[in-house]
Amino acid sequence: MLYSLLSGILLAAMAPQLQRVLGRFLVVSMVALPLLLFIYYCFFVPEVLQGQAVVQKFEWVPELGIDLQFRLDGLSLLFALLISFFGMLVMLYASAYLEGDPLLGRFYLYLTLFMVAMLGVVTSDNIFGLFVFWELTSISSYLLIGYKQVDKEARVAAWQALLVTGLGGMALMGGLLLLSIATGSYTFTEMLGQQEVVLQHAFYLPAVLLVLLACFTKSAQFPFHFWLPNAMAAPTPVSAYLHSATMVKAGVFLLARLTPILSGTDLWHFSLMLAGGLTAIIGAIMALQHTDLKAILAYTTISALGLLVTMLGIGSDYALKAMLVFLLAHALYKGTLFLVAGTIDHSAGTRDLTKLHYLGKQMKYSGTAATLASLSMAGVIPFLGFVGKELLYEASLENYIMLGISLLTGTAFAAVGILMSYRIFWRRGEEKTQFDHHPNLRLYLPPLVLAVSGLLLGLLVSVVPANLLQAAVRAVSGDPAMELKLALWHGFTPVLGLSLLTLLLGLLAYYFLPSLQNRATTIHPLYRFGPNALYHKFFELFLHGASAFILWLQNGHLRSYVMYIMIFFCGLLLFTLWRDTPGLDLQERIYQLHEVRLYELVVFFLVLSALVFLMGTRSRLTSIVVMGLIGYSAALFYILFGAPDVAATQFLIETLTVVIFVLLMHKLPAFIYLSHQFRKYKFIAIAVVFGALMTYVMLLVQQQTVDSELREYFGKASYLEAHGRNIVNVILVDFRGLDTLGEITVLAVAALGIFSLLRLNPEKGEKP
Amino acid sequence: METLLPLMVGTLFAVGLYFILHRHLFKVILGLILFGLATNLFLFVIGGLTRGGSAIISGEHEVAVEPYADPVPQALLLTAIVIGFGIQAFSIVLIRRVYMTFKSNNVDDLNKENEHH
């Protein structure tokens with residue numbers, strides 16, 4: 001399985017190059033990959049149907065528990081087949097949809113990358129693997145939405161989708177890590193048997209909340225649904241593939257995957273039912289308000305995703321079955337409708353419902369596909385959508401609220417189905433829409449295949465998909481003995497009545513739709529408070545806040561930077577002192593004062609008074625002299641404590657500094673009073689705190705006796721090995737000779753810099 | 001003296017930092033020099049003070065006899081002092097150049113000049 005994914009990534013990376021070599025035949029190679037993958041996954045079908053999960057493991061970072069472990073059970077296999085089958089058709093469709101686009105190779109790169117990532121999500125067993133692929137889908141989705149980069153709308157939408165799903169990705173990482181801590185394992189296979197442990201664990205609540213956040217953002221559940229309609233800025237094949245059939249179902253997939261581990265509490269069931277139910281209703285209502293084909297489809301997708309989540313929330317056997325059947329049916333008909341909408345856009349140049357009339361005559365095949373899909377969407381016998389709808393009603397019969405939600409969304413779906421087929425394709429009486437050109441084979445074949453498979457799967461529902469769906473429902477429920485019997489005809493049951501009622505209501509809704517749409521404009525002001533508007537407000541606020549913060553922190557004044565560094569340093573030091581509370585023996589130190597010699601005391605006070613004087617003086621010459629005085633005093637201390645070489649250097653350097661100062665003084669700025677009074681006190685406070693801390697640290701360090709092996713080593717070796725009696729000198733020129741060479745280099749560089757600064761003449765036109 | 005030296009070094013640090021935070025270019029240089037001096041003394045004190053015995057092996061011995069000062073901090077100091085001097089000299093010249101170019105002795109003005117350009 002690893003190799004199949006790797007080959008996909010490889011092909012994706014090569015796509016732009018292949019485009020150059022193969023030209024318009026690029027599509028062949030890109031379609032071949034999903035086809036091969038589809039066949040590959042088909043080989044696993046018999047094994048999985050017997051109830052076994054195929055597990056393959058490749059060690060990656062075994063020390064950290066990060067392996068590339070893949071697991072194919074019924075659920076994964078259902079998704080994998082769907083993704084590769086759909087991928088094949090979309091690749092074919094895209095070649096016609098984006099024909100002549102010079103960036104087609106790049107588009108295929110993104111699309112193939114996405115397909116591989118999605119396959120990785122559904123087959124990953126290791127949580128880290130899942131996370132990586134999950135994020136990869138977000139990133140490739142970002143690239144695909146922003147494919148038309150010149151379009152500002154597309155860029156904004158891509159950014160929005162990335163941020164929202166990225167937020168979910170972070171939450172996912174947290175939730176999965178908590179789960180792995182709770183169960184002590186990194187793979188779903190091992191977690192599966194530990195539902196009891198997880199439910200009792202203290203991490204259950206945060207883990208569930210984080211996982212829900214991840215899944216709700218990915219699957220566009222309220223209140224995170226807003227990114228999905230905006231993501232319709234992507235080219236239509238992308239919308240069909242990512243934003244209706246596969247990626248947005250990743251959240252649903254993960255919820256289904258985790259159902260046997262996390263379900264069983266009120267928290268789980270009610271939050272899923274609440275979020276899903278709200279999403280379903282909002283999506284259904286919003287769908288009927290739009291006239292843009294893609295917007296309508298996007299909102300019905302949101303609504304459908306809401307229904308799927310609701311079903312997972314109900315969690316009964318019926319609900320889980322309904323969820324899976326509906327998921328399959330939805331992918332087939334929604335994909336078809338999206339592709340047809342793309343074809344219409346491509347041929348007629350518009351997606352506005354009000355401008356499209358009587359298209360059926362000119363695009364027979366697309367019209368047929370749309371009609372078949374719409375019938376499935378409306379839940380008409382004998383389509384797969386009908387089976388799904390029946391099961392949905394059966395699952396929600398137990399609860400009137402759920403029944404209401406199902407009925408409402410069903411009505412909306414039926415109305416949209418009529419809209420998508422009869423309204424734009426077959427209704428006569430108005431003038432025909434003008435076509436730029438007629439769709440070619442690659443544009444109408446993929447939706448037709450999808451729509452027909454929806455019909456065939458419906459007709460053969462008890463034969464073909466039932467077994468696979470049964471394996472899937474077993475994986476979701478965690479019950480290996482669960483039976484799933486699907487039949488097209490259940491007899492005259494209340495559910496059948498509900499189905500008919502839905503169709504009737506859908507017809508009514510369709511009939512009254514124009515007036516409803518007029519009415520809908522009155523609630524438009526409400527959008528200002530919707531999540532989408534809030535997102536943009538927050539985004540703007542965030543950017544402003546960030547730039548204000550940066551301007552405050554990095555204001556371009558050297559002084560502020562030094563100040564922040566010092567404040568941070570002092571804070572760190574104070575924290576360490578507070579944490580470790582090392583004892584300072586002050587009495588001992590005061591006692592030591594007896595040993596002070598008079599001349600030491602004299603030098604000490606000399607330095608202190610020099611410093612005080614330096615603070616007050618306003619003459620440059622005086623300050624230079626006083627600085628020299630301080631330097632010489634320091635040199636005296638070096639002599640007193642056994643460092644004659646250091647003292648000699650200090651004397652030399654101090655003299656040189658004073659000489660340089662005096663030489664250049666007439667070109668240096670004169671003193672004037674500059675400081676702001678308040679700031680002055682602030683600076684004094686920081687300086688005093690810093691000085692006091694340094695004193696304290698030194699006193700603390702002095703309490704420890706420094707026992708240096710180096711001291712003994714150099715004491716012994718300096719004459720015997722290096723034949724020098726001055727140990728310091730020997731260290732500098734012999735033991736650490738290379739360091740001294742480095743030092744000389746530094747001085748040379750400084751000298752070069754000084755030379756160039758002195759010689760360059762900005763007045764003569766050179767750059768300063 | 002072991003108790004007084006930390007006090008002195010602390011004061012040097014404080015004055016040095018105060019000067020660095022100052023707005024006047026000249027004082028910034030003074031601050032840099034003082035800060036460097038304080039750091040050197042800091043190293044020296046922390047390395048351990050030995051009164052009297054310098055790190056020199058006298059003529060009649062082949063190895064150093066106690067008490068002798070730890071030569072390692074001294075070697076470090078020597079390097080530090082010399083490099084510090086390099087920085088001082090460079091910054092003095094740099095500030096002279098800045099002053100001549102911008103005709104300002106105020107660190108804050110340099111930013112405004114940049115914005116004008």
# chains A, B, ... in the order shown; residues from 1 in each chain; ligands from 1
>>> select_by_dssp(residues="stretch 226-363 of chain A", states="helix (DSSP H, G or I)", output="ChimeraX atom specification")
/A:227-233,236-245,248-262,266-287,293-314,317-348,353-355
>>> residues_around(residues="A:Met363", least_positions_apart="4", cutoff="9 Å", atoms="only C-alpha atoms", output="list in words")
Ile344, Leu359, Gly367, Thr368, Phe425, His438, Pro439 and Tyr444 of chain A
>>> write_last_selection(atoms="N, CA and C atoms", output="compact mmCIF listing (two decimals), in the first residue's frame")
# COMPACT_ATOMS: atom_id res chain seq x y z
N ILE A 344 -21.90 23.02 -17.94
CA ILE A 344 -22.77 24.14 -18.35
C ILE A 344 -21.98 25.43 -18.33
N LEU A 359 -31.66 23.59 -21.84
CA LEU A 359 -30.35 23.17 -22.31
C LEU A 359 -30.37 21.76 -22.88
N GLY A 367 -27.51 16.41 -19.97
CA GLY A 367 -28.86 16.52 -19.42
C GLY A 367 -29.32 15.21 -18.85
N THR A 368 -29.04 14.12 -19.57
CA THR A 368 -29.43 12.80 -19.07
C THR A 368 -28.76 12.51 -17.74
N PHE A 425 -32.92 22.06 -17.89
CA PHE A 425 -32.69 21.24 -19.09
C PHE A 425 -33.92 21.06 -19.96
N HIS A 438 -20.12 23.34 -27.92
CA HIS A 438 -20.80 22.19 -27.35
C HIS A 438 -19.82 21.32 -26.58
N PRO A 439 -20.29 20.71 -25.51
CA PRO A 439 -19.39 19.89 -24.70
C PRO A 439 -18.89 18.67 -25.47
N TYR A 444 -18.84 15.14 -20.95
CA TYR A 444 -20.11 14.56 -20.52
C TYR A 444 -20.01 13.10 -20.11
>>> atom_distance(atom1="atom CA of A:Pro494", atom2="atom CA of A:Ala287")
27.7 Å
>>> residues_around(residues="B:Ala38", least_positions_apart="5", cutoff="6 Å", atoms="only C-alpha atoms", output="ChimeraX atom specification")
/B:9,12-13
>>> closest_residue(among="B:Gly36, B:Pro67, B:Gly48, B:Gly31", to="chain A", atoms="only C-alpha atoms")
B:Gly48
>>> closest_residue(among="A:Phe188, A:Phe549, A:Phe226, A:Phe683", to="B:Arg23", atoms="only C-alpha atoms")
A:Phe683
>>> closest_residue(among="B:Leu43, B:Leu34, B:Pro6, B:Glu66", to="chain A", atoms="only C-alpha atoms")
B:Pro6
>>> atom_distance(atom1="atom CA of A:Gly276", atom2="atom CA of A:Gln221")
6.6 Å
